[in-house]
Amino acid sequence: MTDFALLISDWYRLNARELPWRSTKNAYFIWLSEVILQQTRVDQGMKYYLNLIENYPNLKQLADADEESILKLWQGLGYYSRARNLHKTAQQVRDEYQGEFPKTYSEIIQLKGIGPYTAAAISSFAFDLPHAVVDGNVYRILSRYYGIDEPIDSTQGKKTFQALADSLIPSSDPALFNQAIMEFGAMQCIPNNPNCESCVLNQSCFSAFNSELIKKLPIKKGKTKVRKRYFHYLHIENKHEIALDQRTGKDVWEKLYEFPMIESTDESIPLIFADSAQLIYQTKHILSHQHIYAFFYTSDKSEIAGLDFKFVEKSHFEDYPIHRLMEKYLESNSK
């Protein structure tokens, strides 16, 4: 084992957080945790993990569930394609592997929605296979420690970092090393202002105590252009019902529910709202590559020409999965 691997593994034994998915070899539970924790903090994802395994304690139950119920449990976590892929993958394992999670990296990576990182994580944590995980934490540690300035979002950069991680992972207890390097990035070698003085790697780290390098690494080629969008929502309800519409197509919040909406090119009130609606709330909602400017109107009309929606019973409203922007409006409206 290299000094790097030894130091980081020893650090992990002393500092690791106790997390439920670390105390199991159940590939289903490990897979759930990995999907949830993509682009999600541990403290935010914990309740979703516990709710999912409570409602679907095994893969077959998740596969047999209806997608809307899964989206409802996922509500508020964001990146809803993860939930849809989760369901499709469960069905794939049920149908092609008799409900038993495949045990090799080559099989796991063929599953819907599973890429190299997740396949390596499941292979390592569930089956003790020596496949190195490379996520944002690992990119950050390796780029700082070895002084690598190749962009992590380039094809060559990804190959370089994967090859380096593969060369470091020990054949004995690879799961421990993978957990250690990710935990080290989450707790010690953090993105901003890491405490290099207390770091066990500082004697051999290329970037230790060089604040400019620490800020610079890892390097990305460039930022993705942000798209501005303008959503105009109409809140219509009567004594017993409320108007809802389901989003369709390959767009944000696919298959989630929301109030009837018109997307426009600017902030101006849509013409079909002009004579019958009153603006009561507006907000800016930031997604990874989109900034959504949302405007919520109310109306006492039950029909608006050119707007499709259905009325649902208010008593059943909580059964419909909605996105975070809708939640923000409802929270503001309840104050």
# chains A, B, ... in the order shown; residues from 1 in each chain; ligands from 1
$ residues_around --residues "range 16-20 of chain A" --least-positions-apart "3" --cutoff "8 Å" --atoms "only C-alpha atoms" --output "list in words"
Tyr12, Arg13, Ser23, Thr24, Ala180 and Glu183 of chain A
$ residues_around --residues "Ile190 in chain A" --least-positions-apart "3" --cutoff "10 Å" --atoms "only C-alpha atoms" --output "PyMOL selection string"
chain A and resi 137+140-141+183-187+193-195+214
$ write_last_selection --atoms "N, CA and C atoms" --output "compact mmCIF listing (two decimals), in the first residue's frame"
# COMPACT_ATOMS: atom_id res chain seq x y z
N ASN A 137 -14.97 14.71 -4.87
CA ASN A 137 -14.02 14.71 -3.76
C ASN A 137 -12.67 14.13 -4.18
N ARG A 140 -10.68 16.43 -6.44
CA ARG A 140 -10.09 17.54 -5.68
C ARG A 140 -8.84 17.10 -4.92
N ILE A 141 -8.91 15.97 -4.25
CA ILE A 141 -7.76 15.49 -3.47
C ILE A 141 -6.59 15.17 -4.37
N GLU A 183 -14.45 10.30 2.01
CA GLU A 183 -14.70 10.95 3.30
C GLU A 183 -13.66 12.04 3.57
N PHE A 184 -12.43 11.80 3.16
CA PHE A 184 -11.37 12.78 3.33
C PHE A 184 -11.70 14.06 2.55
N GLY A 185 -12.23 13.89 1.35
CA GLY A 185 -12.63 15.05 0.57
C GLY A 185 -13.83 15.78 1.14
N ALA A 186 -14.74 15.03 1.75
CA ALA A 186 -15.94 15.64 2.32
C ALA A 186 -15.66 16.37 3.62
N MET A 187 -14.65 15.92 4.39
CA MET A 187 -14.44 16.46 5.73
C MET A 187 -13.12 17.21 5.91
N ASN A 193 -11.07 26.79 1.71
CA ASN A 193 -10.34 26.98 2.98
C ASN A 193 -10.13 25.69 3.77
N PRO A 194 -9.54 24.67 3.17
CA PRO A 194 -9.22 23.46 3.94
C PRO A 194 -8.14 23.77 4.98
N ASN A 195 -8.18 23.04 6.08
CA ASN A 195 -7.19 23.24 7.14
C ASN A 195 -5.96 22.38 6.85
N ILE A 214 -4.40 25.82 -4.01
CA ILE A 214 -5.58 25.17 -3.42
C ILE A 214 -6.86 25.74 -4.01
$ atom_distance --atom1 "CA of Phe317 in chain A" --atom2 "CA of Leu86 in chain A"
24.4 Å
$ residues_around --residues "Thr104 in chain A" --least-positions-apart "2" --cutoff "9 Å" --atoms "only C-alpha atoms" --output "compact mmCIF listing (two decimals) with C-alpha atoms, in the first residue's frame"
# COMPACT_ATOMS: atom_id res chain seq x y z
CA PRO A 102 -25.33 -8.29 -10.50
CA SER A 106 -18.98 -5.13 -16.20
CA GLU A 107 -22.59 -6.14 -15.50
CA ILE A 108 -23.33 -3.30 -13.08
CA ILE A 109 -22.17 -0.59 -15.48
CA ALA A 119 -20.50 0.98 -10.75
CA SER A 123 -18.53 -3.20 -6.90
CA PHE A 127 -18.55 -7.08 -3.40
CA LEU A 129 -13.78 -5.61 -5.86
$ closest_residue --among "A:Glu331, A:Glu318, A:Asp173, A:Asp95" --to "Gln75 in chain A" --atoms "only C-alpha atoms"
A:Glu318
$ closest_residue --among "A:Pro260, A:Pro130, A:Lys103, A:Lys220" --to "Ser154 in chain A" --atoms "only C-alpha atoms"
A:Lys220
$ residues_around --residues "Tyr257 in chain A" --least-positions-apart "5" --cutoff "9 Å" --atoms "only C-alpha atoms" --output "PyMOL selection string"
chain A and resi 244-247+320-323+326
$ residues_around --residues "range 230-241 of chain A" --least-positions-apart "2" --cutoff "6 Å" --atoms "only C-alpha atoms" --output "number ranges by chain"
A: 243, 259-264, 266, 292-299, 311-314
$ closest_residue --among "A:Gly76, A:Arg144, A:Phe29, A:Gln92" --to "Asn202 in chain A" --atoms "only C-alpha atoms"
A:Arg144
$ residues_around --residues "Gln98 in chain A" --least-positions-apart "5" --cutoff "12 Å" --atoms "only C-alpha atoms" --output "number ranges by chain"
A: 59-60, 63, 90-93
$ write_last_selection --atoms "C-alpha atoms" --output "PDB file, in the first residue's frame"
ATOM      1  CA  LEU A  59     -35.362  -4.199  -4.874  1.00  0.00           C
ATOM      2  CA  LYS A  60     -38.434  -6.072  -6.080  1.00  0.00           C
ATOM      3  CA  ALA A  63     -39.369  -2.284  -9.121  1.00  0.00           C
ATOM      4  CA  ALA A  90     -34.802  -1.780 -10.390  1.00  0.00           C
ATOM      5  CA  GLN A  91     -37.125  -3.150 -13.072  1.00  0.00           C
ATOM      6  CA  GLN A  92     -34.132  -4.132 -15.208  1.00  0.00           C
ATOM      7  CA  VAL A  93     -32.539  -6.051 -12.321  1.00  0.00           C
TER       8      VAL A  93
END
$ closest_residue --among "A:Tyr117, A:Tyr79, A:Phe177, A:Tyr105" --to "Leu287 in chain A" --atoms "only C-alpha atoms"
A:Tyr79
$ closest_residue --among "A:Val35, A:Cys189, A:Gln156, A:Glu197" --to "Ala121 in chain A" --atoms "only C-alpha atoms"
A:Val35
$ closest_residue --among "A:Glu258, A:Tyr139, A:Leu213, A:Gln278" --to "Lys328 in chain A" --atoms "only C-alpha atoms"
A:Glu258
$ atom_distance --atom1 "CA of Leu77 in chain A" --atom2 "CA of Asn178 in chain A"
25.0 Å
$ atom_distance --atom1 "CA of Gly147 in chain A" --atom2 "CA of Phe206 in chain A"
5.4 Å
$ residues_around --residues "Val226 in chain A" --least-positions-apart "4" --cutoff "7 Å" --atoms "only C-alpha atoms" --output "list in words"
His289, Gln290 and His291 of chain A
$ decode --residues "range 204-297 of chain A" --atoms "C-alpha atoms" --output "PDB file, in the first residue's frame"
ATOM      1  CA  SER A 204       3.915  15.204   0.897  1.00  0.00           C
ATOM      2  CA  CYS A 205       1.068  17.206  -0.679  1.00  0.00           C
ATOM      3  CA  PHE A 206       2.067  19.280  -3.718  1.00  0.00           C
ATOM      4  CA  SER A 207      -0.385  22.064  -2.838  1.00  0.00           C
ATOM      5  CA  ALA A 208      -0.084  22.110   0.974  1.00  0.00           C
ATOM      6  CA  PHE A 209       0.121  25.650   2.373  1.00  0.00           C
ATOM      7  CA  ASN A 210      -0.071  27.202  -1.111  1.00  0.00           C
ATOM      8  CA  SER A 211      -3.411  28.966  -0.971  1.00  0.00           C
ATOM      9  CA  GLU A 212      -3.378  29.977  -4.648  1.00  0.00           C
ATOM     10  CA  LEU A 213      -2.905  26.401  -5.807  1.00  0.00           C
ATOM     11  CA  ILE A 214      -5.578  25.166  -3.422  1.00  0.00           C
ATOM     12  CA  LYS A 215      -8.045  27.685  -4.851  1.00  0.00           C
ATOM     13  CA  LYS A 216      -7.034  26.851  -8.429  1.00  0.00           C
ATOM     14  CA  LEU A 217      -7.191  23.060  -8.303  1.00  0.00           C
ATOM     15  CA  PRO A 218      -8.982  21.103  -9.617  1.00  0.00           C
ATOM     16  CA  ILE A 219      -9.288  22.837 -12.982  1.00  0.00           C
ATOM     17  CA  LYS A 220     -12.352  22.791 -15.212  1.00  0.00           C
ATOM     18  CA  LYS A 221     -12.354  23.756 -18.892  1.00  0.00           C
ATOM     19  CA  GLY A 222     -15.167  26.242 -18.548  1.00  0.00           C
ATOM     20  CA  LYS A 223     -18.592  26.918 -17.162  1.00  0.00           C
ATOM     21  CA  THR A 224     -21.723  25.800 -18.949  1.00  0.00           C
ATOM     22  CA  LYS A 225     -23.806  28.669 -20.257  1.00  0.00           C
ATOM     23  CA  VAL A 226     -26.801  29.417 -18.040  1.00  0.00           C
ATOM     24  CA  ARG A 227     -30.186  29.551 -19.726  1.00  0.00           C
ATOM     25  CA  LYS A 228     -32.811  32.052 -18.528  1.00  0.00           C
ATOM     26  CA  ARG A 229     -36.447  30.930 -18.573  1.00  0.00           C
ATOM     27  CA  TYR A 230     -39.711  32.647 -17.591  1.00  0.00           C
ATOM     28  CA  PHE A 231     -42.530  30.520 -16.143  1.00  0.00           C
ATOM     29  CA  HIS A 232     -45.973  32.028 -15.501  1.00  0.00           C
ATOM     30  CA  TYR A 233     -48.188  29.909 -13.237  1.00  0.00           C
ATOM     31  CA  LEU A 234     -51.904  30.252 -12.659  1.00  0.00           C
ATOM     32  CA  HIS A 235     -53.287  29.151  -9.294  1.00  0.00           C
ATOM     33  CA  ILE A 236     -56.944  28.225  -9.793  1.00  0.00           C
ATOM     34  CA  GLU A 237     -59.042  26.543  -7.147  1.00  0.00           C
ATOM     35  CA  ASN A 238     -62.593  26.325  -5.897  1.00  0.00           C
ATOM     36  CA  LYS A 239     -64.066  25.033  -2.688  1.00  0.00           C
ATOM     37  CA  HIS A 240     -63.141  21.393  -3.305  1.00  0.00           C
ATOM     38  CA  GLU A 241     -60.718  21.307  -6.234  1.00  0.00           C
ATOM     39  CA  ILE A 242     -57.434  22.730  -7.459  1.00  0.00           C
ATOM     40  CA  ALA A 243     -56.036  22.911 -11.001  1.00  0.00           C
ATOM     41  CA  LEU A 244     -52.936  20.843 -11.778  1.00  0.00           C
ATOM     42  CA  ASP A 245     -50.988  19.867 -14.857  1.00  0.00           C
ATOM     43  CA  GLN A 246     -48.310  17.185 -15.315  1.00  0.00           C
ATOM     44  CA  ARG A 247     -45.038  18.126 -17.000  1.00  0.00           C
ATOM     45  CA  THR A 248     -44.168  16.023 -20.028  1.00  0.00           C
ATOM     46  CA  GLY A 249     -41.279  15.798 -22.473  1.00  0.00           C
ATOM     47  CA  LYS A 250     -37.545  15.757 -21.805  1.00  0.00           C
ATOM     48  CA  ASP A 251     -37.364  18.865 -19.657  1.00  0.00           C
ATOM     49  CA  VAL A 252     -36.860  19.833 -16.038  1.00  0.00           C
ATOM     50  CA  TRP A 253     -39.180  18.142 -13.531  1.00  0.00           C
ATOM     51  CA  GLU A 254     -40.414  15.581 -16.049  1.00  0.00           C
ATOM     52  CA  LYS A 255     -43.652  13.869 -14.904  1.00  0.00           C
ATOM     53  CA  LEU A 256     -44.014  16.086 -11.814  1.00  0.00           C
ATOM     54  CA  TYR A 257     -47.132  18.172 -11.225  1.00  0.00           C
ATOM     55  CA  GLU A 258     -47.539  21.929 -11.116  1.00  0.00           C
ATOM     56  CA  PHE A 259     -50.141  24.630 -11.623  1.00  0.00           C
ATOM     57  CA  PRO A 260     -51.103  25.397 -15.228  1.00  0.00           C
ATOM     58  CA  MET A 261     -48.139  27.240 -16.735  1.00  0.00           C
ATOM     59  CA  ILE A 262     -47.128  29.283 -19.742  1.00  0.00           C
ATOM     60  CA  GLU A 263     -43.472  29.785 -20.590  1.00  0.00           C
ATOM     61  CA  SER A 264     -42.609  33.111 -22.202  1.00  0.00           C
ATOM     62  CA  THR A 265     -39.527  34.959 -23.395  1.00  0.00           C
ATOM     63  CA  ASP A 266     -39.616  37.644 -20.697  1.00  0.00           C
ATOM     64  CA  GLU A 267     -41.269  38.815 -17.482  1.00  0.00           C
ATOM     65  CA  SER A 268     -44.340  40.322 -19.150  1.00  0.00           C
ATOM     66  CA  ILE A 269     -47.678  38.862 -18.134  1.00  0.00           C
ATOM     67  CA  PRO A 270     -49.000  36.506 -20.850  1.00  0.00           C
ATOM     68  CA  LEU A 271     -51.884  37.967 -22.804  1.00  0.00           C
ATOM     69  CA  ILE A 272     -54.258  35.179 -21.851  1.00  0.00           C
ATOM     70  CA  PHE A 273     -53.691  36.052 -18.170  1.00  0.00           C
ATOM     71  CA  ALA A 274     -53.959  39.816 -18.606  1.00  0.00           C
ATOM     72  CA  ASP A 275     -57.690  40.242 -18.064  1.00  0.00           C
ATOM     73  CA  SER A 276     -58.311  37.505 -15.529  1.00  0.00           C
ATOM     74  CA  ALA A 277     -55.254  37.013 -13.310  1.00  0.00           C
ATOM     75  CA  GLN A 278     -53.489  38.845 -10.493  1.00  0.00           C
ATOM     76  CA  LEU A 279     -49.771  38.454  -9.760  1.00  0.00           C
ATOM     77  CA  ILE A 280     -49.257  37.486  -6.108  1.00  0.00           C
ATOM     78  CA  TYR A 281     -45.776  35.948  -5.928  1.00  0.00           C
ATOM     79  CA  GLN A 282     -42.556  35.876  -7.912  1.00  0.00           C
ATOM     80  CA  THR A 283     -39.177  34.266  -7.328  1.00  0.00           C
ATOM     81  CA  LYS A 284     -35.959  33.224  -9.019  1.00  0.00           C
ATOM     82  CA  HIS A 285     -35.213  29.503  -8.903  1.00  0.00           C
ATOM     83  CA  ILE A 286     -31.662  28.398  -9.704  1.00  0.00           C
ATOM     84  CA  LEU A 287     -30.902  25.020 -11.271  1.00  0.00           C
ATOM     85  CA  SER A 288     -27.484  23.787 -12.369  1.00  0.00           C
ATOM     86  CA  HIS A 289     -27.694  25.228 -15.903  1.00  0.00           C
ATOM     87  CA  GLN A 290     -30.936  27.193 -15.782  1.00  0.00           C
ATOM     88  CA  HIS A 291     -32.248  30.248 -13.970  1.00  0.00           C
ATOM     89  CA  ILE A 292     -36.022  30.143 -13.809  1.00  0.00           C
ATOM     90  CA  TYR A 293     -37.920  33.367 -13.181  1.00  0.00           C
ATOM     91  CA  ALA A 294     -41.298  32.276 -11.865  1.00  0.00           C
ATOM     92  CA  PHE A 295     -44.483  34.318 -11.547  1.00  0.00           C
ATOM     93  CA  PHE A 296     -47.584  33.049  -9.761  1.00  0.00           C
ATOM     94  CA  TYR A 297     -51.011  34.485 -10.474  1.00  0.00           C
TER      95      TYR A 297
END
